[in-house]
Structure formats: structure tokens, C-alpha cells
Amino acid sequence: MPLSFLSSKPIVIPLPASFDKERMYAFIKKVLDEGKNVRSPKISFDFATLRFIEPIGVVALSNVIEFLRVDKNCEVKFVNIDLSLNAIKYLDDSGFFKPYARGSRLNQFSAGCRKTTCPLQIIPQQDFTKYLYRDLIPWIEGIFDLQEDSLAGLRAAIEEIFHNINDHSGTGVGCTFSQYYPKKGEVHIAIADFGQGIPTAVRKLVPTLNDREAMAKAAEEGFTTKSNVRNRGAGIPTLIRYIKGKPGSSLVIASSTTEMATSSSSIGDRPTFRNIKDGFFPGTIVRVIIAESSLRAFFAEIQEEDFEW
């Protein structure tokens, strides 16, 4: 891939105070344009402004850094890392800095992964399923003290999304991070890659579609950009159906200039689509929010059915 920079001057980019879905797009726009041309070959990220970061922000930031370092061969620096700040402690505990600090946390004496966190992982394609079965699902079951394989439906939906993203991406590498919020009673699962994105992949089969139309096409039952047996075009529809059956849960998928969203309270089976205002996502990012009450209620129903049987 040829290197393409919009300026030769080093730049410093402050992280948003609250790094969430809405602020994610504007942050990315400060780093690169929609053609994935980077603003500068030398970029410093300023952590002094960060006060809170959601899982979707963690994977977005990680993907940006990996894209700059690996794909664009940029010089990336972190500045104003203050371990007394809660947001920095949280990232350190979550393993965010490990790839850039010789495999260890910044605070080697007190930092450690919290029980409520499934730490950041940069995962090659061949390890997606292994991570899902070995790490993510057992972590959720452990938080709620659920029996093994009680989350088979969620596991199947997420596995389809891993396959779906990989087949649309073309990069073979993804990033994932999850967090349980006890006060909210929610589990947030975030998955992302910096590949070609869903609309670009869809247009290889249906060239006339714009980004919004291409995202809608990808959400259709049975549609796939691949001819292999593994990807049956079931990824997005499977996850939509899972969310619809779980009160208090929601799904967001963003790719290129379009964001798709659905929730358990949405009317009908079709998700909604919107053009991302003042930004974009260069690849695909998925955020799944599962309500704790829905997981426990669903598990209780399974136990009751087993007992009656």
C-alpha cells in the first residue's frame, strides 16, 4: 500500500473527554480522511483530556493506532499519560498499553484486569472462534454465574458477526473489548476492524448502491459477499433477531459513512440507517449492548424448560 500523507508536519491530536460512539467519528476524522489518507506521518495522541472511554471508543482508538503503525508506517506517540487519572488507570488495567510497552502494563505493581472487563484483544482471523469460546462467552457466564453453554444463542450471533466482518474486511485482523456496567445492568461488546468496510464489499456485487443502500443490503437475510459455505449471509440478521428478543438490548454497526441501529424496542424487524454526521468509520465497528435482566430471564426460562422436561 503506497504511503499517503496529507501533511509532512507532526501533529498532536487530543482524545475527547468522553470517548464514546458519538465522539468517535470526529476523532477519526482528525487522524485521516475518507480515502484513508493520514494527516501526518508523525502523530502524537494527547491523553490529558480523556476522562471516560466506552468499549467502542477503546476498539476505535486501538484500530486507529494499529492502522497508523502497521498499515501506514507512521510514528505514533502517546503524550500526557497520567496514571493518577481514572480513565488512564482503566486503560492500563484493561491491557490497552501492553502492545506499546513491551508487553507489560505501565503500572506493573497495581494494574490488573478487572473482573468486569474482558480486556482488549487484537485478534487474527484464525483465532476469532477460539477467542469467543475460550474468553468472551466464559467471561460473561462467569459474571452472571451462568452455567456453561447457557449463552449459546449469543455465542452463535457473535460468531456470525466475526465471520461476517472478516469476509467484508479483507484484513484478517480484528479488535475486541467488552465491559460489564453493574450500575446500568449492561454488558457492552465492541468489535472492529480497519478493512475495506461493508459498503465497499457489497458494491463489488451491486455497484450502483450508495453506502446507506449497501448497508441495508448487507442486513438482508441470505445476502453475502462471499461464496464460501461458512458465510451464509446470516451474520447481521442473526444478531438483529437475538437483540429483538432481549428487552433493553441494542445493536449498532457503523461502516464508511453509514450507521445501522436496532434495539429490542424497535418497531418491526428492519434496523434503521442514518448517514454519519461530520465523520465516518474506515472499516467496520460493531457495538452490542445486552441487558443483564434479559440474560438472567432467558437463563431462568431455559432452566424451567429443562426442569419441566
# chains A, B, ... in the order shown; residues from 1 in each chain; ligands from 1
>>> residues_around(residues="stretch 288-295 of chain A", least_positions_apart="5", cutoff="10 Å", atoms="only C-alpha atoms", output="PyMOL selection string")
chain A and resi 56+140-141+143-144+146+150-151+154+158+178-182+184-191+239+242-243+245-253+262-264+300-301
>>> closest_residue(among="A:Arg114, A:Ile122, A:Ala17, A:Phe109", to="A:Leu85", atoms="only C-alpha atoms")
A:Ala17
>>> atom_distance(atom1="atom CA of A:Asp82", atom2="atom CA of A:Arg39")
25.9 Å
>>> closest_atom_pairs(of="stretch 185-267 of chain A", to="stretch 60-71 of chain A", cutoff="8 Å", atoms="only C-alpha atoms", output="Markdown table")
| residue | atom | partner | partner_atom | distance |
| --- | --- | --- | --- | --- |
| A:Ala192 | CA | A:Ala60 | CA | 7.0 |
| A:Asp193 | CA | A:Asn63 | CA | 6.5 |
| A:Phe194 | CA | A:Asn63 | CA | 6.4 |
>>> write_last_selection(atoms="all heavy atoms", output="compact mmCIF listing (two decimals), in the first residue's frame")
# COMPACT_ATOMS: atom_id res chain seq x y z
N ALA A 192 -14.21 -4.45 16.07
CA ALA A 192 -13.92 -3.55 14.96
C ALA A 192 -12.76 -4.04 14.11
O ALA A 192 -11.96 -4.86 14.54
CB ALA A 192 -13.62 -2.14 15.48
N ASP A 193 -12.70 -3.51 12.88
CA ASP A 193 -11.53 -3.70 12.02
C ASP A 193 -11.40 -2.46 11.14
O ASP A 193 -12.32 -1.66 11.02
CB ASP A 193 -11.68 -4.96 11.16
CG ASP A 193 -12.67 -4.77 10.02
OD1 ASP A 193 -12.28 -4.16 9.00
OD2 ASP A 193 -13.82 -5.20 10.14
N PHE A 194 -10.24 -2.31 10.53
CA PHE A 194 -9.99 -1.17 9.64
C PHE A 194 -9.84 -1.65 8.20
O PHE A 194 -9.01 -1.15 7.45
CB PHE A 194 -8.73 -0.43 10.10
CG PHE A 194 -9.03 0.92 10.70
CD1 PHE A 194 -10.10 1.09 11.55
CD2 PHE A 194 -8.23 2.01 10.44
CE1 PHE A 194 -10.38 2.31 12.12
CE2 PHE A 194 -8.49 3.25 11.00
CZ PHE A 194 -9.57 3.40 11.85
>>> residues_around(residues="A:Asp46", least_positions_apart="4", cutoff="12 Å", atoms="only C-alpha atoms", output="list of chain:residue names")
A:Ile11, A:Val12, A:Ile13, A:Pro14, A:Leu15, A:Pro16, A:Ala17, A:Phe27, A:Leu50, A:Val76, A:Lys77, A:Phe78, A:Val79, A:Asn80, A:Ile81, A:Asp82, A:Ile88
>>> write_last_selection(atoms="N, CA, C and O atoms", output="short mmCIF file (atom, residue, chain, number, x, y, z; two decimals), in the first residue's frame")
data_model
loop_
_atom_site.label_atom_id
_atom_site.label_comp_id
_atom_site.auth_asym_id
_atom_site.auth_seq_id
_atom_site.Cartn_x
_atom_site.Cartn_y
_atom_site.Cartn_z
N ILE A 11 1.74 16.28 14.10
CA ILE A 11 0.53 16.84 14.71
C ILE A 11 0.26 16.16 16.05
O ILE A 11 0.68 15.04 16.29
N VAL A 12 -0.43 16.90 16.92
CA VAL A 12 -0.87 16.37 18.21
C VAL A 12 -2.40 16.36 18.21
O VAL A 12 -3.03 17.38 17.92
N ILE A 13 -2.99 15.20 18.51
CA ILE A 13 -4.44 15.05 18.49
C ILE A 13 -4.92 14.72 19.90
O ILE A 13 -4.58 13.66 20.43
N PRO A 14 -5.69 15.61 20.53
CA PRO A 14 -6.22 15.31 21.87
C PRO A 14 -7.36 14.30 21.80
O PRO A 14 -8.17 14.34 20.87
N LEU A 15 -7.40 13.39 22.76
CA LEU A 15 -8.53 12.48 22.85
C LEU A 15 -9.73 13.23 23.41
O LEU A 15 -9.57 14.14 24.23
N PRO A 16 -10.94 12.86 22.97
CA PRO A 16 -12.13 13.51 23.55
C PRO A 16 -12.25 13.21 25.03
O PRO A 16 -11.83 12.14 25.49
N ALA A 17 -12.83 14.13 25.79
CA ALA A 17 -13.00 13.93 27.23
C ALA A 17 -13.82 12.68 27.50
O ALA A 17 -13.49 11.88 28.39
N PHE A 27 -13.21 12.18 16.05
CA PHE A 27 -11.82 11.89 16.40
C PHE A 27 -11.10 11.25 15.22
O PHE A 27 -9.98 11.65 14.87
N LEU A 50 -8.61 13.02 28.36
CA LEU A 50 -9.50 11.86 28.50
C LEU A 50 -9.98 11.69 29.94
O LEU A 50 -9.17 11.64 30.87
N VAL A 76 3.97 6.90 15.93
CA VAL A 76 2.87 7.19 16.85
C VAL A 76 3.42 7.32 18.27
O VAL A 76 4.17 6.46 18.73
N LYS A 77 3.03 8.41 18.93
CA LYS A 77 3.45 8.63 20.31
C LYS A 77 2.24 8.91 21.19
O LYS A 77 1.22 9.42 20.72
N PHE A 78 2.36 8.55 22.47
CA PHE A 78 1.36 8.91 23.48
C PHE A 78 1.97 9.99 24.37
O PHE A 78 3.11 9.84 24.84
N VAL A 79 1.24 11.06 24.61
CA VAL A 79 1.74 12.12 25.48
C VAL A 79 0.76 12.38 26.62
O VAL A 79 -0.43 12.10 26.50
N ASN A 80 1.29 12.90 27.71
CA ASN A 80 0.49 13.24 28.90
C ASN A 80 -0.25 12.03 29.46
O ASN A 80 -1.45 12.08 29.71
N ILE A 81 0.49 10.95 29.65
CA ILE A 81 -0.06 9.76 30.30
C ILE A 81 0.06 9.93 31.81
O ILE A 81 1.16 9.86 32.36
N ASP A 82 -1.04 10.21 32.48
CA ASP A 82 -1.07 10.44 33.92
C ASP A 82 -1.80 9.28 34.60
O ASP A 82 -3.03 9.18 34.54
N ILE A 88 -7.07 6.70 32.60
CA ILE A 88 -5.78 6.10 32.23
C ILE A 88 -5.57 4.81 33.01
O ILE A 88 -5.08 3.81 32.46
#
>>> residues_around(residues="stretch 259-261 of chain A", least_positions_apart="4", cutoff="9 Å", atoms="only C-alpha atoms", output="compact mmCIF listing (two decimals) with all heavy atoms, in the first residue's frame")
# COMPACT_ATOMS: atom_id res chain seq x y z
N ARG A 212 -25.41 3.88 2.26
CA ARG A 212 -26.60 3.55 3.06
C ARG A 212 -27.33 2.35 2.46
O ARG A 212 -27.75 1.44 3.19
CB ARG A 212 -27.51 4.77 3.12
CG ARG A 212 -28.67 4.65 4.10
CD ARG A 212 -29.27 6.00 4.32
NE ARG A 212 -30.42 5.96 5.21
CZ ARG A 212 -30.96 7.04 5.78
NH1 ARG A 212 -30.43 8.23 5.56
NH2 ARG A 212 -32.01 6.93 6.55
N MET A 215 -25.35 -0.89 3.09
CA MET A 215 -25.50 -1.39 4.46
C MET A 215 -26.84 -2.11 4.62
O MET A 215 -26.93 -3.15 5.27
CB MET A 215 -25.39 -0.24 5.45
CG MET A 215 -23.97 0.26 5.67
SD MET A 215 -22.97 -0.85 6.68
CE MET A 215 -23.59 -0.44 8.32
N ALA A 216 -27.87 -1.54 4.03
CA ALA A 216 -29.20 -2.17 4.11
C ALA A 216 -29.19 -3.52 3.39
O ALA A 216 -29.80 -4.49 3.85
CB ALA A 216 -30.25 -1.25 3.49
N SER A 250 -29.41 -3.60 22.54
CA SER A 250 -29.34 -2.83 21.30
C SER A 250 -28.10 -3.22 20.49
O SER A 250 -27.17 -3.84 21.01
CB SER A 250 -29.31 -1.33 21.59
OG SER A 250 -28.15 -0.98 22.32
N LEU A 251 -28.11 -2.82 19.23
CA LEU A 251 -27.03 -3.13 18.30
C LEU A 251 -26.75 -1.91 17.43
O LEU A 251 -27.67 -1.27 16.94
CB LEU A 251 -27.42 -4.32 17.41
CG LEU A 251 -26.59 -4.57 16.14
CD1 LEU A 251 -25.19 -5.06 16.52
CD2 LEU A 251 -27.29 -5.58 15.23
N VAL A 252 -25.47 -1.60 17.25
CA VAL A 252 -25.04 -0.56 16.32
C VAL A 252 -23.92 -1.12 15.47
O VAL A 252 -22.99 -1.74 15.99
CB VAL A 252 -24.55 0.71 17.05
CG1 VAL A 252 -23.88 1.67 16.07
CG2 VAL A 252 -25.70 1.41 17.75
N ILE A 253 -24.01 -0.93 14.15
CA ILE A 253 -22.93 -1.29 13.23
C ILE A 253 -22.65 -0.06 12.37
O ILE A 253 -23.56 0.48 11.74
CB ILE A 253 -23.29 -2.48 12.34
CG1 ILE A 253 -23.61 -3.71 13.19
CG2 ILE A 253 -22.15 -2.80 11.37
CD1 ILE A 253 -24.03 -4.94 12.39
N ALA A 254 -21.41 0.37 12.33
CA ALA A 254 -21.03 1.52 11.51
C ALA A 254 -19.95 1.10 10.53
O ALA A 254 -19.03 0.36 10.87
CB ALA A 254 -20.53 2.67 12.38
N SER A 255 -20.08 1.59 9.30
CA SER A 255 -19.08 1.30 8.28
C SER A 255 -19.14 2.40 7.23
O SER A 255 -20.23 2.78 6.79
CB SER A 255 -19.34 -0.06 7.63
OG SER A 255 -18.28 -0.42 6.78
N PRO A 271 -33.73 -2.85 10.78
CA PRO A 271 -32.99 -1.82 11.51
C PRO A 271 -33.14 -0.46 10.84
O PRO A 271 -33.65 -0.36 9.72
CB PRO A 271 -31.53 -2.31 11.42
CG PRO A 271 -31.49 -3.11 10.17
CD PRO A 271 -32.84 -3.76 10.05
N THR A 272 -32.72 0.58 11.52
CA THR A 272 -32.73 1.92 10.94
C THR A 272 -31.32 2.26 10.46
O THR A 272 -30.32 1.75 10.98
CB THR A 272 -33.18 2.97 11.97
OG1 THR A 272 -32.30 2.94 13.11
CG2 THR A 272 -34.60 2.68 12.43
N PHE A 273 -31.25 3.14 9.48
CA PHE A 273 -29.97 3.54 8.90
C PHE A 273 -29.88 5.06 8.88
O PHE A 273 -30.87 5.74 8.61
CB PHE A 273 -29.83 2.99 7.47
CG PHE A 273 -29.91 1.50 7.38
CD1 PHE A 273 -31.13 0.86 7.25
CD2 PHE A 273 -28.76 0.72 7.45
CE1 PHE A 273 -31.22 -0.53 7.18
CE2 PHE A 273 -28.84 -0.67 7.38
CZ PHE A 273 -30.07 -1.28 7.25
N ARG A 274 -28.71 5.59 9.16
CA ARG A 274 -28.51 7.03 9.10
C ARG A 274 -27.12 7.34 8.58
O ARG A 274 -26.18 6.56 8.76
CB ARG A 274 -28.68 7.68 10.47
CG ARG A 274 -27.54 7.46 11.46
CD ARG A 274 -27.73 8.27 12.73
NE ARG A 274 -26.62 8.12 13.67
CZ ARG A 274 -25.58 8.94 13.74
NH1 ARG A 274 -25.50 9.97 12.90
NH2 ARG A 274 -24.63 8.75 14.63
N ASN A 275 -27.02 8.48 7.88
CA ASN A 275 -25.71 8.94 7.46
C ASN A 275 -24.98 9.53 8.67
O ASN A 275 -25.57 10.29 9.44
CB ASN A 275 -25.85 10.01 6.37
CG ASN A 275 -26.47 9.46 5.11
OD1 ASN A 275 -26.25 8.31 4.76
ND2 ASN A 275 -27.25 10.28 4.42
N ILE A 276 -23.73 9.15 8.84
CA ILE A 276 -22.95 9.65 9.97
C ILE A 276 -22.65 11.13 9.75
O ILE A 276 -22.07 11.51 8.74
CB ILE A 276 -21.64 8.85 10.13
CG1 ILE A 276 -21.95 7.38 10.41
CG2 ILE A 276 -20.78 9.45 11.25
CD1 ILE A 276 -20.73 6.47 10.34
N PHE A 280 -17.00 9.47 9.78
CA PHE A 280 -17.10 8.19 9.10
C PHE A 280 -16.35 7.16 9.94
O PHE A 280 -15.65 7.51 10.90
CB PHE A 280 -16.47 8.26 7.70
CG PHE A 280 -15.03 8.69 7.71
CD1 PHE A 280 -14.01 7.74 7.68
CD2 PHE A 280 -14.68 10.03 7.76
CE1 PHE A 280 -12.69 8.13 7.73
CE2 PHE A 280 -13.34 10.43 7.79
CZ PHE A 280 -12.35 9.48 7.77
>>> select_by_dssp(residues="stretch 80-207 of chain A", states="strand (DSSP E)", output="ChimeraX atom specification")
/A:117-124,173-181,186-193
>>> select_by_dssp(residues="stretch 36-109 of chain A", states="alpha helix (DSSP H)", output="VMD selection string")
chain A and resid 55 to 66 86 to 93
>>> closest_residue(among="A:Asp145, A:Ser104, A:Tyr90, A:Ala157", to="A:Thr129", atoms="only C-alpha atoms")
A:Ala157
>>> closest_residue(among="A:Lys130, A:Arg51, A:Lys36, A:Leu83", to="A:Gln108", atoms="only C-alpha atoms")
A:Leu83
